[in-house]
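Have a look at structure-v8.tsv below; it lists TSV, C-alpha atoms.
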```
chain	number	residue	atom	x	y	z
A	282	ALA	CA	0.00	0.00	0.00
A	283	GLN	CA	1.08	3.56	-0.66
A	284	LYS	CA	-0.13	5.96	1.93
A	285	VAL	CA	0.72	9.15	3.80
A	286	THR	CA	-0.55	9.73	7.32
A	287	GLN	CA	-0.60	13.04	9.13
A	288	ALA	CA	-2.03	12.12	12.48
A	289	GLN	CA	-2.31	15.69	13.74
A	290	THR	CA	-5.47	17.23	12.30
A	291	GLU	CA	-5.12	20.59	14.04
A	292	ILE	CA	-2.38	22.22	16.08
A	293	SER	CA	-2.61	25.52	17.89
A	294	VAL	CA	0.44	27.31	19.26
A	295	VAL	CA	1.33	30.74	20.52
A	296	GLU	CA	3.71	32.87	18.50
A	297	LYS	CA	7.42	32.10	19.04
A	298	GLU	CA	6.76	28.52	20.08
A	299	ASP	CA	8.42	25.72	18.15
A	300	VAL	CA	6.08	23.25	16.49
A	301	THR	CA	6.63	19.89	14.77
A	302	LEU	CA	4.27	18.47	12.17
A	303	ASP	CA	4.42	14.70	11.84
A	304	CYS	CA	4.31	12.70	8.62
A	305	VAL	CA	4.50	8.94	8.25
A	306	TYR	CA	4.47	7.25	4.87
A	307	GLU	CA	4.09	3.72	3.53
A	308	THR	CA	5.57	2.31	0.36
A	309	ARG	CA	7.50	-0.72	-0.83
A	310	ASP	CA	9.20	1.21	-3.61
A	311	THR	CA	12.83	2.12	-3.06
A	312	THR	CA	12.76	5.24	-5.22
A	313	TYR	CA	10.36	7.97	-4.22
A	314	TYR	CA	10.09	11.64	-3.40
A	315	LEU	CA	8.66	13.19	-0.26
A	316	PHE	CA	7.22	16.70	-0.18
A	317	TRP	CA	5.80	19.30	2.11
A	318	TYR	CA	3.36	21.89	0.80
A	319	LYS	CA	1.80	24.85	2.60
A	320	GLN	CA	-1.77	25.95	1.87
A	321	PRO	CA	-2.58	29.40	3.28
A	322	PRO	CA	-6.20	30.60	3.44
A	323	SER	CA	-5.91	31.90	-0.12
A	324	GLY	CA	-5.92	28.28	-1.31
A	325	GLU	CA	-2.76	27.95	-3.36
A	326	LEU	CA	-0.45	25.05	-2.48
A	327	VAL	CA	3.03	26.40	-1.99
A	328	PHE	CA	5.92	23.99	-2.46
A	329	LEU	CA	8.29	23.93	0.53
A	330	ILE	CA	10.66	21.01	0.07
A	331	ARG	CA	11.30	17.82	-1.86
A	332	ARG	CA	13.37	14.95	-0.51
A	333	ASN	CA	14.74	12.05	-2.56
A	334	SER	CA	14.48	8.63	-0.92
A	335	PHE	CA	18.24	8.18	-1.26
A	336	ASP	CA	19.05	11.37	0.59
A	337	GLU	CA	18.44	11.16	4.33
A	338	GLN	CA	20.26	14.36	5.19
A	339	ASN	CA	18.17	16.69	7.27
A	340	GLU	CA	17.62	20.13	5.89
A	341	ILE	CA	17.25	23.57	7.41
A	342	SER	CA	15.90	26.61	5.63
A	343	GLY	CA	15.58	29.61	7.89
A	344	ARG	CA	13.03	28.77	10.59
A	345	TYR	CA	12.03	25.56	8.80
A	346	SER	CA	13.73	22.20	9.24
A	347	TRP	CA	12.93	18.70	8.06
A	348	ASN	CA	13.88	15.37	9.62
A	349	PHE	CA	13.78	12.42	7.21
A	350	GLN	CA	14.18	8.97	8.79
A	351	LYS	CA	13.75	5.94	6.54
A	352	SER	CA	14.01	3.57	9.50
A	353	THR	CA	10.70	4.90	10.84
A	354	SER	CA	9.26	6.01	7.45
A	355	SER	CA	8.85	9.51	8.76
A	356	PHE	CA	9.42	12.96	7.30
A	357	ASN	CA	8.68	15.48	10.05
A	358	PHE	CA	8.62	19.24	9.67
A	359	THR	CA	9.60	21.67	12.42
A	360	ILE	CA	8.93	25.39	12.50
A	361	THR	CA	11.12	27.23	14.97
A	362	ALA	CA	9.88	30.43	16.60
A	363	SER	CA	6.52	30.25	14.85
A	364	GLN	CA	4.85	33.36	13.50
A	365	VAL	CA	1.24	34.25	12.76
A	366	VAL	CA	2.04	34.09	9.02
A	367	ASP	CA	2.81	30.41	9.45
A	368	SER	CA	-0.89	29.74	10.02
A	369	ALA	CA	-1.97	27.43	7.20
A	370	VAL	CA	-2.74	23.84	6.34
A	371	TYR	CA	0.39	21.82	5.73
A	372	PHE	CA	0.40	18.74	3.52
A	373	CYS	CA	2.94	15.97	3.37
A	374	ALA	CA	3.00	14.04	0.09
A	375	LEU	CA	4.66	11.09	-1.61
A	376	SER	CA	5.37	10.54	-5.31
A	377	PHE	CA	7.14	8.04	-7.53
A	378	PRO	CA	9.14	9.96	-10.12
A	379	TYR	CA	9.74	7.09	-12.52
A	380	ASN	CA	6.21	5.76	-12.67
A	381	GLN	CA	2.59	6.68	-12.03
A	382	GLY	CA	3.17	9.97	-13.86
A	383	GLY	CA	4.62	11.55	-10.75
A	384	LYS	CA	1.23	11.27	-9.09
A	385	LEU	CA	1.21	12.86	-5.64
A	386	ILE	CA	-0.28	10.96	-2.74
A	387	PHE	CA	-1.27	13.47	-0.08
A	388	GLY	CA	-1.79	13.14	3.61
A	389	GLN	CA	-4.92	14.56	5.20
A	390	GLY	CA	-3.17	17.78	6.12
A	391	THR	CA	-2.43	19.46	9.45
A	392	GLU	CA	-4.05	22.79	10.15
A	393	LEU	CA	-1.64	24.99	12.09
A	394	SER	CA	-2.94	28.01	13.92
A	395	VAL	CA	-0.38	30.41	15.35
A	396	LYS	CA	-1.88	32.92	17.76
A	397	PRO	CA	-0.25	36.23	18.65
B	175	GLU	CA	3.23	36.16	-15.71
B	176	THR	CA	5.15	33.39	-14.05
B	177	GLY	CA	4.30	30.06	-12.46
B	178	VAL	CA	0.88	28.50	-12.80
B	179	THR	CA	-2.20	30.65	-13.27
B	180	GLN	CA	-5.86	29.68	-13.08
B	181	THR	CA	-8.99	31.50	-14.17
B	182	PRO	CA	-11.51	32.27	-12.95
B	183	ARG	CA	-10.59	32.35	-9.27
B	184	HIS	CA	-14.23	32.06	-8.22
B	185	LEU	CA	-17.16	30.59	-10.11
B	186	VAL	CA	-20.81	30.17	-9.18
B	187	MET	CA	-22.91	28.13	-11.55
B	188	GLY	CA	-26.27	26.45	-11.73
B	189	MET	CA	-26.64	22.75	-12.33
B	190	THR	CA	-27.65	23.26	-15.95
B	191	ASN	CA	-24.82	25.64	-16.88
B	192	LYS	CA	-21.75	24.87	-18.94
B	193	LYS	CA	-18.53	26.52	-17.89
B	194	SER	CA	-14.80	25.98	-18.27
B	195	LEU	CA	-11.84	26.34	-15.95
B	196	LYS	CA	-8.54	27.39	-17.45
B	197	CYS	CA	-5.00	26.66	-16.31
B	198	GLU	CA	-1.82	28.02	-17.84
B	199	GLN	CA	1.75	27.27	-16.85
B	200	HIS	CA	4.78	29.37	-17.72
B	201	LEU	CA	7.38	26.94	-16.39
B	202	GLY	CA	8.16	24.96	-19.53
B	203	HIS	CA	6.68	21.80	-18.01
B	204	ASN	CA	5.21	18.86	-19.89
B	205	ALA	CA	2.94	17.31	-17.28
B	206	MET	CA	-0.27	18.91	-16.06
B	207	TYR	CA	-2.77	17.83	-13.44
B	208	TRP	CA	-6.26	18.59	-12.16
B	209	TYR	CA	-7.02	18.06	-8.45
B	210	LYS	CA	-10.24	18.48	-6.50
B	211	GLN	CA	-10.20	19.60	-2.89
B	212	SER	CA	-13.50	19.35	-1.05
B	213	ALA	CA	-14.01	20.70	2.43
B	214	LYS	CA	-12.44	18.51	5.09
B	215	LYS	CA	-11.19	15.99	2.51
B	216	PRO	CA	-7.73	15.28	1.13
B	217	LEU	CA	-6.79	16.40	-2.33
B	218	GLU	CA	-8.09	14.05	-5.00
B	219	LEU	CA	-6.26	13.63	-8.28
B	220	MET	CA	-8.66	13.87	-11.22
B	221	PHE	CA	-6.63	13.86	-14.43
B	222	VAL	CA	-3.02	13.67	-15.56
B	223	TYR	CA	-1.64	14.82	-18.91
B	224	ASN	CA	1.88	14.08	-20.12
B	225	PHE	CA	3.01	15.79	-23.31
B	226	LYS	CA	-0.64	16.65	-24.10
B	227	GLU	CA	-1.80	13.04	-23.77
B	228	GLN	CA	-4.12	12.00	-20.97
B	229	THR	CA	-2.36	9.35	-18.92
B	230	GLU	CA	-4.73	9.09	-16.00
B	231	ASN	CA	-8.43	9.52	-15.37
B	232	ASN	CA	-9.12	8.77	-11.74
B	233	SER	CA	-12.69	7.53	-12.25
B	234	VAL	CA	-13.98	11.05	-12.71
B	235	PRO	CA	-17.65	11.44	-13.77
B	236	SER	CA	-18.16	12.41	-17.40
B	237	ARG	CA	-19.67	15.75	-16.40
B	238	PHE	CA	-16.02	16.79	-16.02
B	239	SER	CA	-14.22	16.89	-19.36
B	240	PRO	CA	-10.54	17.85	-19.54
B	241	GLU	CA	-8.75	19.27	-22.55
B	242	CYS	CA	-5.04	19.83	-23.06
B	243	PRO	CA	-4.41	21.58	-26.40
B	244	ASN	CA	-0.70	22.05	-25.69
B	245	SER	CA	1.76	21.57	-22.86
B	246	SER	CA	1.12	25.04	-21.47
B	247	HIS	CA	-2.68	24.99	-21.26
B	248	LEU	CA	-5.17	22.78	-19.52
B	249	PHE	CA	-8.93	23.18	-19.38
B	250	LEU	CA	-11.66	21.54	-17.35
B	251	HIS	CA	-15.05	21.74	-19.03
B	252	LEU	CA	-17.99	21.50	-16.66
B	253	HIS	CA	-21.49	20.42	-17.60
B	254	THR	CA	-24.56	19.49	-15.56
B	255	LEU	CA	-22.74	19.58	-12.25
B	256	GLN	CA	-24.18	18.63	-8.89
B	257	PRO	CA	-23.99	20.61	-5.63
B	258	GLU	CA	-21.52	18.05	-4.26
B	259	ASP	CA	-19.11	19.12	-7.00
B	260	SER	CA	-18.61	22.40	-5.16
B	261	ALA	CA	-14.93	22.45	-4.23
B	262	LEU	CA	-11.58	24.08	-4.85
B	263	TYR	CA	-10.15	22.89	-8.17
B	264	LEU	CA	-6.39	23.03	-8.34
B	265	CYS	CA	-4.18	22.75	-11.39
B	266	ALA	CA	-0.53	21.74	-11.19
B	267	SER	CA	2.34	21.24	-13.59
B	268	ALA	CA	5.62	19.36	-13.39
B	269	GLY	CA	8.75	18.97	-15.42
B	270	VAL	CA	9.32	15.67	-17.16
B	271	ALA	CA	12.93	14.79	-17.92
B	272	GLY	CA	13.36	13.26	-21.31
B	273	GLY	CA	14.78	9.80	-21.80
B	274	ILE	CA	14.19	8.27	-18.41
B	275	THR	CA	10.90	10.14	-18.05
B	276	ARG	CA	11.30	11.27	-14.50
B	277	THR	CA	8.54	13.51	-13.22
B	278	ASP	CA	9.69	16.26	-10.91
B	279	THR	CA	8.08	18.57	-8.36
B	280	GLN	CA	4.50	19.67	-9.02
B	281	TYR	CA	3.82	23.38	-8.79
B	282	PHE	CA	0.26	24.47	-8.14
B	283	GLY	CA	-1.91	27.31	-9.29
B	284	PRO	CA	-4.08	29.38	-6.93
B	285	GLY	CA	-7.18	27.30	-7.65
B	286	THR	CA	-10.74	28.00	-8.75
B	287	ARG	CA	-13.31	27.96	-5.99
B	288	LEU	CA	-16.44	26.50	-7.56
B	289	THR	CA	-19.92	26.71	-6.09
B	290	VAL	CA	-22.73	24.76	-7.73
B	291	LEU	CA	-26.22	25.93	-6.81
```

Produce structure tokens that represent the structure in this file.
Amino acid sequence: AQKVTQAQTEISVVEKEDVTLDCVYETRDTTYYLFWYKQPPSGELVFLIRRNSFDEQNEISGRYSWNFQKSTSSFNFTITASQVVDSAVYFCALSFPYNQGGKLIFGQGTELSVKP
Amino acid sequence: ETGVTQTPRHLVMGMTNKKSLKCEQHLGHNAMYWYKQSAKKPLELMFVYNFKEQTENNSVPSRFSPECPNSSHLFLHLHTLQPEDSALYLCASAGVAGGITRTDTQYFGPGTRLTVL
């Protein structure tokens, strides 16, 4: 089965708190991509990061960081010192670049609310 | 314009109307996608086009009819819709590397919020 699970439906934090969004995936393929997208209230999905299954290096981009662990099939996303502008729905997704037309399999999404 | 654009951004239509959604990408990509996002539901893939050819139809009712005249444009023609078709319709495009045919990151447009009365 190919599946992405985001167990946290909603998270609410106060500004400047750190927050981690969990993502667990299932696949038997050895070659795949993992993604995080942000969907603000305007509706557009904004691409944040893509990770290749062969690259387990963690990545940091400003206040954002991603922890990819193949041993636990997880690809978690941490926002450090959260801000009100981070309020959005965040989607984790899985795709198979060499087959299935790059079809994205999305998790249910986690709605993050950052309060001032 | 850059990226992926969609028009209109909002659409209200009756069940007997015919309307079309338009998507245009300025990224030089060769794969285009339609997704449906209903309230409180995950994104559902509807159609996939690679190099103007439809490669996937995810059991979408025939009242939705896609058209891809070239790699930069994608349309979704709507006819005799139902109220449950009210949703956000998102278009995406992705680069396809020649030879091995590897599909890269999908970039999304802002969506069309459709309301069917």

Need the shell around segment 187-190 of chain B: protein/DNA/RNA residues with any atom at most 12 Å away, counting all atoms listed in the file. Skip same-chain ones fewer than 4 positions apart. Format as a PDB file with C-alpha atoms, keeping the file's coordinate frame?
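This is the output file out_4.pdb:
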```
ATOM      1  CA  SER B 194     -14.800  25.980 -18.270  1.00  0.00           C
ATOM      2  CA  ARG B 237     -19.670  15.750 -16.400  1.00  0.00           C
ATOM      3  CA  LEU B 252     -17.990  21.500 -16.660  1.00  0.00           C
ATOM      4  CA  HIS B 253     -21.490  20.420 -17.600  1.00  0.00           C
ATOM      5  CA  THR B 254     -24.560  19.490 -15.560  1.00  0.00           C
ATOM      6  CA  LEU B 255     -22.740  19.580 -12.250  1.00  0.00           C
ATOM      7  CA  GLN B 256     -24.180  18.630  -8.890  1.00  0.00           C
ATOM      8  CA  PRO B 257     -23.990  20.610  -5.630  1.00  0.00           C
ATOM      9  CA  GLU B 258     -21.520  18.050  -4.260  1.00  0.00           C
ATOM     10  CA  ASP B 259     -19.110  19.120  -7.000  1.00  0.00           C
ATOM     11  CA  SER B 260     -18.610  22.400  -5.160  1.00  0.00           C
ATOM     12  CA  ARG B 287     -13.310  27.960  -5.990  1.00  0.00           C
ATOM     13  CA  LEU B 288     -16.440  26.500  -7.560  1.00  0.00           C
ATOM     14  CA  THR B 289     -19.920  26.710  -6.090  1.00  0.00           C
ATOM     15  CA  VAL B 290     -22.730  24.760  -7.730  1.00  0.00           C
ATOM     16  CA  LEU B 291     -26.220  25.930  -6.810  1.00  0.00           C
TER      17      LEU B 291
END
```

Which residues are near Cys304 of chain A? Cut-off 8 Å, only C-alpha atoms, ignore same chain within fewer than 2 positions. Put them as number ranges by chain. A: 285-288, 302, 306, 355-358, 373, 388

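The interface of chain A with chain B at 10 Å, considering only C-alpha atoms, consists of A:Tyr314, A:Leu315, A:Phe316, A:Tyr318, A:Gln320, A:Ser323, A:Gly324, A:Glu325, A:Leu326, A:Val327, A:Phe328, A:Ile330, A:Arg331, A:Phe372, A:Ser376, A:Phe377, A:Pro378, A:Tyr379, A:Asn380, A:Gln381, A:Gly382, A:Gly383, A:Lys384, A:Leu385, A:Ile386, A:Phe387, A:Gly388, A:Gln389, A:Gly390.
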
Go ahead and dump the residues you just picked, C-alpha atoms, as a CSV table (one decimal), keeping the file's coordinate frame.
```
chain,number,residue,atom,x,y,z
A,314,TYR,CA,10.1,11.6,-3.4
A,315,LEU,CA,8.7,13.2,-0.3
A,316,PHE,CA,7.2,16.7,-0.2
A,318,TYR,CA,3.4,21.9,0.8
A,320,GLN,CA,-1.8,26.0,1.9
A,323,SER,CA,-5.9,31.9,-0.1
A,324,GLY,CA,-5.9,28.3,-1.3
A,325,GLU,CA,-2.8,28.0,-3.4
A,326,LEU,CA,-0.4,25.0,-2.5
A,327,VAL,CA,3.0,26.4,-2.0
A,328,PHE,CA,5.9,24.0,-2.5
A,330,ILE,CA,10.7,21.0,0.1
A,331,ARG,CA,11.3,17.8,-1.9
A,372,PHE,CA,0.4,18.7,3.5
A,376,SER,CA,5.4,10.5,-5.3
A,377,PHE,CA,7.1,8.0,-7.5
A,378,PRO,CA,9.1,10.0,-10.1
A,379,TYR,CA,9.7,7.1,-12.5
A,380,ASN,CA,6.2,5.8,-12.7
A,381,GLN,CA,2.6,6.7,-12.0
A,382,GLY,CA,3.2,10.0,-13.9
A,383,GLY,CA,4.6,11.6,-10.8
A,384,LYS,CA,1.2,11.3,-9.1
A,385,LEU,CA,1.2,12.9,-5.6
A,386,ILE,CA,-0.3,11.0,-2.7
A,387,PHE,CA,-1.3,13.5,-0.1
A,388,GLY,CA,-1.8,13.1,3.6
A,389,GLN,CA,-4.9,14.6,5.2
A,390,GLY,CA,-3.2,17.8,6.1
```

Point-to-point distance in Å for atom CA of Thr391 of chain A and atom CA of Ile292 of chain A: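 These two atoms are separated by 7.2 Å.
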
Work out how far atom CA of Pro322 of chain A is from atom CA of Leu195 of chain B, in Å to one decimal.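 Atom CA of Pro322 of chain A lies at a distance of 20.6 Å from atom CA of Leu195 of chain B.
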
Could you check how far atom CA of Arg309 of chain A sits from atom CA of Gln283 of chain A, in Å to one decimal? 7.7 Å

At a cut-off of 6 Å, using all atoms listed in the file, what residues contact segment 365-370 of chain A? Leave out same-chain residues fewer than 6 positions from it and give the result as JSON, numbers by chain. {"A": [319, 320, 321, 391, 392, 393, 394, 395]}

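Here the question is which of B:Met220, B:Ala213, B:Gln228, B:Thr176 gets nearest to Leu201 of chain B using all atoms listed in the file, and that residue is B:Thr176.
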
Name the residues, using the chain letters and numbers of the file, that sit within 7 Å of (2.9, 32.8, -19.6) when counting all atoms listed in the file, and give them as a list of chain:residue names. B:Glu175, B:Thr176, B:Glu198, B:Gln199, B:His200

Counting only C-alpha atoms, which residue out of A:Lys396, A:Gln338, A:Leu329, A:Thr353 sits closest to Asp303 of chain A? A:Thr353

Using all atoms listed in the file, can you tell me which of B:Ser267, B:Ser212, B:Asn191, B:Thr179 comes closest to Ser245 of chain B? B:Ser267

Can you work out which one of A:Lys297, A:Lys351, A:Arg344, A:Arg332 has the shortest atom-to-atom distance to Gln364 of chain A, counting all atoms listed in the file? A:Lys297

When distances are computed from all atoms listed in the file, which of A:Asp310, A:Ile360, A:Phe349, A:Trp317 shows the smallest separation from Val294 of chain A? A:Ile360
